[in-house]
Amino acid sequence: MTFHPLGDSALTIDFADESPDRERLLARALSVAGALEGANIPGVIDVTSAYESVAVFFDPARIERDVEEKIRAFVASAGIRVSRKRRRIEIPACYDADFALDLARVEAETNLLVDAIIALHSSSEYTVACIGFVPGFPFLAGLSEKLRVPRLESPRTRVPAGSVAIANAQAGIYPFESPGGWNVIGRTPLRLFDAKAQSPALLHAGDRVRFRRITRQEFEMRVKENSK
Amino acid sequence: MIASVTSGGFQTTVQDCGRTRLRKFGVTPGGALDSVSLRLANLVVGNSECMAGLECTSGRLQLQFDCERLISWAGDEFKVQVGKELVPSLHCARVSADAILEISPKRAGRIWLAVSGGIDAPEILGSRSTDLRAHFGGWQGRALREGDELPLGSESKLCARIRAALLERVSDWSAPRFVSRKRFLRVIRGKNWDDDTGAKLLAQKFRVAMNSDRMGLRLEGGELVSTNPPELVSEAVVPGTIQLPRSGAPVVLLGDCQTIGGYPKIAHVITVDLGYAAQLQPLDEVRFELIELEQARDLLRERERDVALFRAGLEARFG
């Protein structure tokens, strides 16, 4: 565990040196972030986690001189358990050719047939490593080794909302239309981010996610329901 | 109680002090790129510090209120006029109902305008700030346009007292100005700092690239800081973080930056210099100066003390 200033009003706690096991590191980051959020350390205004690190943000108007020591002591103390209750969430995804903008590219890169690609993508269980890039965008760990395809040479200026995509070892979903360079292989009718909802992001770091293949008909039906 | 936009300017947005506790959902903190300028302008008109105001970028903005309001502004060199009368920065001015408030830049830059009572845009996720990238917050999640009618909030008692004490249209007092006008952005070392790359960052003059925006200042210069820096495991980034993407040309992240990033974090612009960073425009020259973390924090404490002193003075005089 190493501490690094993240500017003058935040710090990063990096767990990379604790284990070579990525899943363990993710679990460690999630549990420390959860514990720090509940700890109410004075002057701490936000906590986030990513793959193998946690960031702690301070109120810039009152950074106490010993705040780092307090956080260090808290994280080092025994009270943090690695196990946490994980939510399991199913994401309906339609792999129709109209939505799978880069399926041909993925076929060429992987030497797999479309059905095999879809089967591999929709049979894995993923873990939400973190939410970022744009509000509600999940970085999903757990993509099949066989589906590792580099990012597009030049990113698209407009990736449609709901696009289900893969890049290198990761899978993700674009919550709304935005630029992006991942390989798009399908689309979900779900809304991943709603600024007006009490809990704005559908997915949270640590959630377990599976994709369920749906027909074009079911996709259109779900979209219609959403717009009601 | 409405402000009518008769000319929208360029990328004028409703901003307050931004969003907190939402980084874990990928929501950027956003808010006024120079929050101190907005806070001071708010104080001058008797608002609480973080009420929503307008962030104006180069371009001509014209407003008309349907009731008398106080205004104040802070930031770069702009021409702010009520009718034919000039309003200097950080002064308090009365804008009568139907008078024309016109804001235009003397050079490209940004200013923050506070109106007594604040801009009463709907609060979304704890803030009235516009998130241009995710299209929510502020006024319909977008920059202002001609024809927009912005609701104004109710004035505080302090607003009324400040107004009552105004003898002329423009106050004979003002708030102090904190933005440093040096050509250096002060930085502290980042997690991926190394002395060689750092030395190149500090030795060079950079130029702000055309594709810079509220997310970040993209820098270009004679020599790149590094060629093909590695991509790392993604982790949190903050406004001020200087990233070194594949091109080797540094990017200084600003208020609308994404919440996590995978490029090396070579250094961070200190919080008190983010207001200066917010003024930098394409083709401006920029250089960096290294200081220590504790110095950066002392400067921040000093600034917060100065803001608190001004607030206390104002309350003592008009409260």
# chains A, B, ... in the order shown; residues from 1 in each chain; ligands from 1
$ residues_around --residues "B:Glu168" --least-positions-apart "2" --cutoff "12 Å" --atoms "only C-alpha atoms" --output "ChimeraX atom specification"
/B:85,87,91-95,162-166,170-173
$ write_last_selection --atoms "N, CA, C and O atoms" --output "PDB file, in the first residue's frame"
ATOM      1  N   GLU B  85     -22.713  52.783 -18.911  1.00  0.00           N
ATOM      2  CA  GLU B  85     -21.775  52.883 -17.783  1.00  0.00           C
ATOM      3  C   GLU B  85     -20.958  51.611 -17.602  1.00  0.00           C
ATOM      4  O   GLU B  85     -21.491  50.504 -17.574  1.00  0.00           O
ATOM      5  N   VAL B  87     -18.752  48.857 -15.621  1.00  0.00           N
ATOM      6  CA  VAL B  87     -18.674  48.282 -14.271  1.00  0.00           C
ATOM      7  C   VAL B  87     -17.324  47.581 -14.130  1.00  0.00           C
ATOM      8  O   VAL B  87     -17.077  46.582 -14.801  1.00  0.00           O
ATOM      9  N   HIS B  91     -16.693  45.080  -8.394  1.00  0.00           N
ATOM     10  CA  HIS B  91     -17.528  46.137  -7.843  1.00  0.00           C
ATOM     11  C   HIS B  91     -18.975  45.673  -7.893  1.00  0.00           C
ATOM     12  O   HIS B  91     -19.309  44.714  -8.580  1.00  0.00           O
ATOM     13  N   CYS B  92     -19.813  46.347  -7.150  1.00  0.00           N
ATOM     14  CA  CYS B  92     -21.224  46.010  -7.126  1.00  0.00           C
ATOM     15  C   CYS B  92     -21.977  47.052  -7.949  1.00  0.00           C
ATOM     16  O   CYS B  92     -21.753  48.247  -7.785  1.00  0.00           O
ATOM     17  N   ALA B  93     -22.834  46.600  -8.876  1.00  0.00           N
ATOM     18  CA  ALA B  93     -23.563  47.565  -9.708  1.00  0.00           C
ATOM     19  C   ALA B  93     -25.050  47.235  -9.714  1.00  0.00           C
ATOM     20  O   ALA B  93     -25.440  46.067  -9.658  1.00  0.00           O
ATOM     21  N   ARG B  94     -25.836  48.315  -9.783  1.00  0.00           N
ATOM     22  CA  ARG B  94     -27.285  48.145  -9.843  1.00  0.00           C
ATOM     23  C   ARG B  94     -27.715  48.101 -11.310  1.00  0.00           C
ATOM     24  O   ARG B  94     -27.303  48.949 -12.100  1.00  0.00           O
ATOM     25  N   VAL B  95     -28.512  47.099 -11.644  1.00  0.00           N
ATOM     26  CA  VAL B  95     -29.045  47.017 -13.008  1.00  0.00           C
ATOM     27  C   VAL B  95     -30.556  47.173 -12.890  1.00  0.00           C
ATOM     28  O   VAL B  95     -31.233  46.308 -12.336  1.00  0.00           O
ATOM     29  N   ILE B 162     -27.097  46.008   0.945  1.00  0.00           N
ATOM     30  CA  ILE B 162     -26.036  46.485   0.052  1.00  0.00           C
ATOM     31  C   ILE B 162     -26.633  47.451  -0.973  1.00  0.00           C
ATOM     32  O   ILE B 162     -26.087  48.523  -1.248  1.00  0.00           O
ATOM     33  N   ARG B 163     -27.804  47.105  -1.494  1.00  0.00           N
ATOM     34  CA  ARG B 163     -28.468  47.959  -2.470  1.00  0.00           C
ATOM     35  C   ARG B 163     -28.814  49.329  -1.858  1.00  0.00           C
ATOM     36  O   ARG B 163     -28.587  50.369  -2.472  1.00  0.00           O
ATOM     37  N   ALA B 164     -29.335  49.290  -0.624  1.00  0.00           N
ATOM     38  CA  ALA B 164     -29.742  50.538   0.033  1.00  0.00           C
ATOM     39  C   ALA B 164     -28.546  51.466   0.241  1.00  0.00           C
ATOM     40  O   ALA B 164     -28.685  52.688   0.244  1.00  0.00           O
ATOM     41  N   ALA B 165     -27.357  50.871   0.419  1.00  0.00           N
ATOM     42  CA  ALA B 165     -26.171  51.686   0.688  1.00  0.00           C
ATOM     43  C   ALA B 165     -25.495  52.182  -0.585  1.00  0.00           C
ATOM     44  O   ALA B 165     -24.537  52.950  -0.530  1.00  0.00           O
ATOM     45  N   LEU B 166     -25.974  51.721  -1.750  1.00  0.00           N
ATOM     46  CA  LEU B 166     -25.365  52.157  -3.019  1.00  0.00           C
ATOM     47  C   LEU B 166     -25.806  53.582  -3.336  1.00  0.00           C
ATOM     48  O   LEU B 166     -26.987  53.838  -3.537  1.00  0.00           O
ATOM     49  N   VAL B 170     -22.704  52.322  -9.486  1.00  0.00           N
ATOM     50  CA  VAL B 170     -21.597  51.392  -9.209  1.00  0.00           C
ATOM     51  C   VAL B 170     -21.003  51.706  -7.841  1.00  0.00           C
ATOM     52  O   VAL B 170     -20.823  52.880  -7.491  1.00  0.00           O
ATOM     53  N   SER B 171     -20.675  50.666  -7.067  1.00  0.00           N
ATOM     54  CA  SER B 171     -20.159  50.874  -5.706  1.00  0.00           C
ATOM     55  C   SER B 171     -18.792  51.555  -5.739  1.00  0.00           C
ATOM     56  O   SER B 171     -18.039  51.428  -6.707  1.00  0.00           O
ATOM     57  N   ASP B 172     -18.462  52.255  -4.635  1.00  0.00           N
ATOM     58  CA  ASP B 172     -17.126  52.855  -4.527  1.00  0.00           C
ATOM     59  C   ASP B 172     -16.185  51.904  -3.782  1.00  0.00           C
ATOM     60  O   ASP B 172     -15.081  52.270  -3.422  1.00  0.00           O
ATOM     61  N   TRP B 173     -16.652  50.682  -3.546  1.00  0.00           N
ATOM     62  CA  TRP B 173     -15.800  49.670  -2.897  1.00  0.00           C
ATOM     63  C   TRP B 173     -15.796  48.416  -3.762  1.00  0.00           C
ATOM     64  O   TRP B 173     -16.628  48.263  -4.654  1.00  0.00           O
TER      65      TRP B 173
END
$ select_by_dssp --residues "stretch 75-245 of chain B" --states "alpha helix (DSSP H)" --output "list in words"
Lys157, Leu158, Cys159, Ala160, Arg161, Ile162, Arg163, Ala164, Ala165, Asp195, Asp196, Thr197, Gly198, Ala199, Lys200, Leu201, Leu202 and Ala203 of chain B
$ residues_around --residues "stretch 167-173 of chain A" --least-positions-apart "5" --cutoff "6 Å" --atoms "only C-alpha atoms" --output "PyMOL selection string"
chain A and resi 137-141+143+148-151+182
$ atom_distance --atom1 "atom CA of B:Cys56" --atom2 "atom CA of B:Ser174"
20.3 Å
$ closest_residue --among "A:Ala129, A:Val106, A:Ile71, A:Leu112" --to "chain B" --atoms "only C-alpha atoms"
A:Ala129
$ interface_residues --of "chain A" --to "chain B" --cutoff "6 Å" --atoms "only C-alpha atoms" --output "list in words"
His4, Gly7, Asp46, Thr48, Ala50, Ala61, Ile131, Gly132, Phe133, Val134, Pro135, Gly136 and Ala201 of chain A
$ closest_residue --among "A:Leu30, A:Ile13, A:Gly162, A:Ala73" --to "A:Arg86" --atoms "only C-alpha atoms"
A:Leu30
$ residues_around --residues "A:Arg213" --least-positions-apart "4" --cutoff "12 Å" --atoms "only C-alpha atoms" --output "MDAnalysis selection string"
chainID A and resid 90:96 115 117:123 164 185:189 217:219
$ atom_distance --atom1 "atom CA of B:Ser37" --atom2 "atom CA of B:Ser96"
23.7 Å
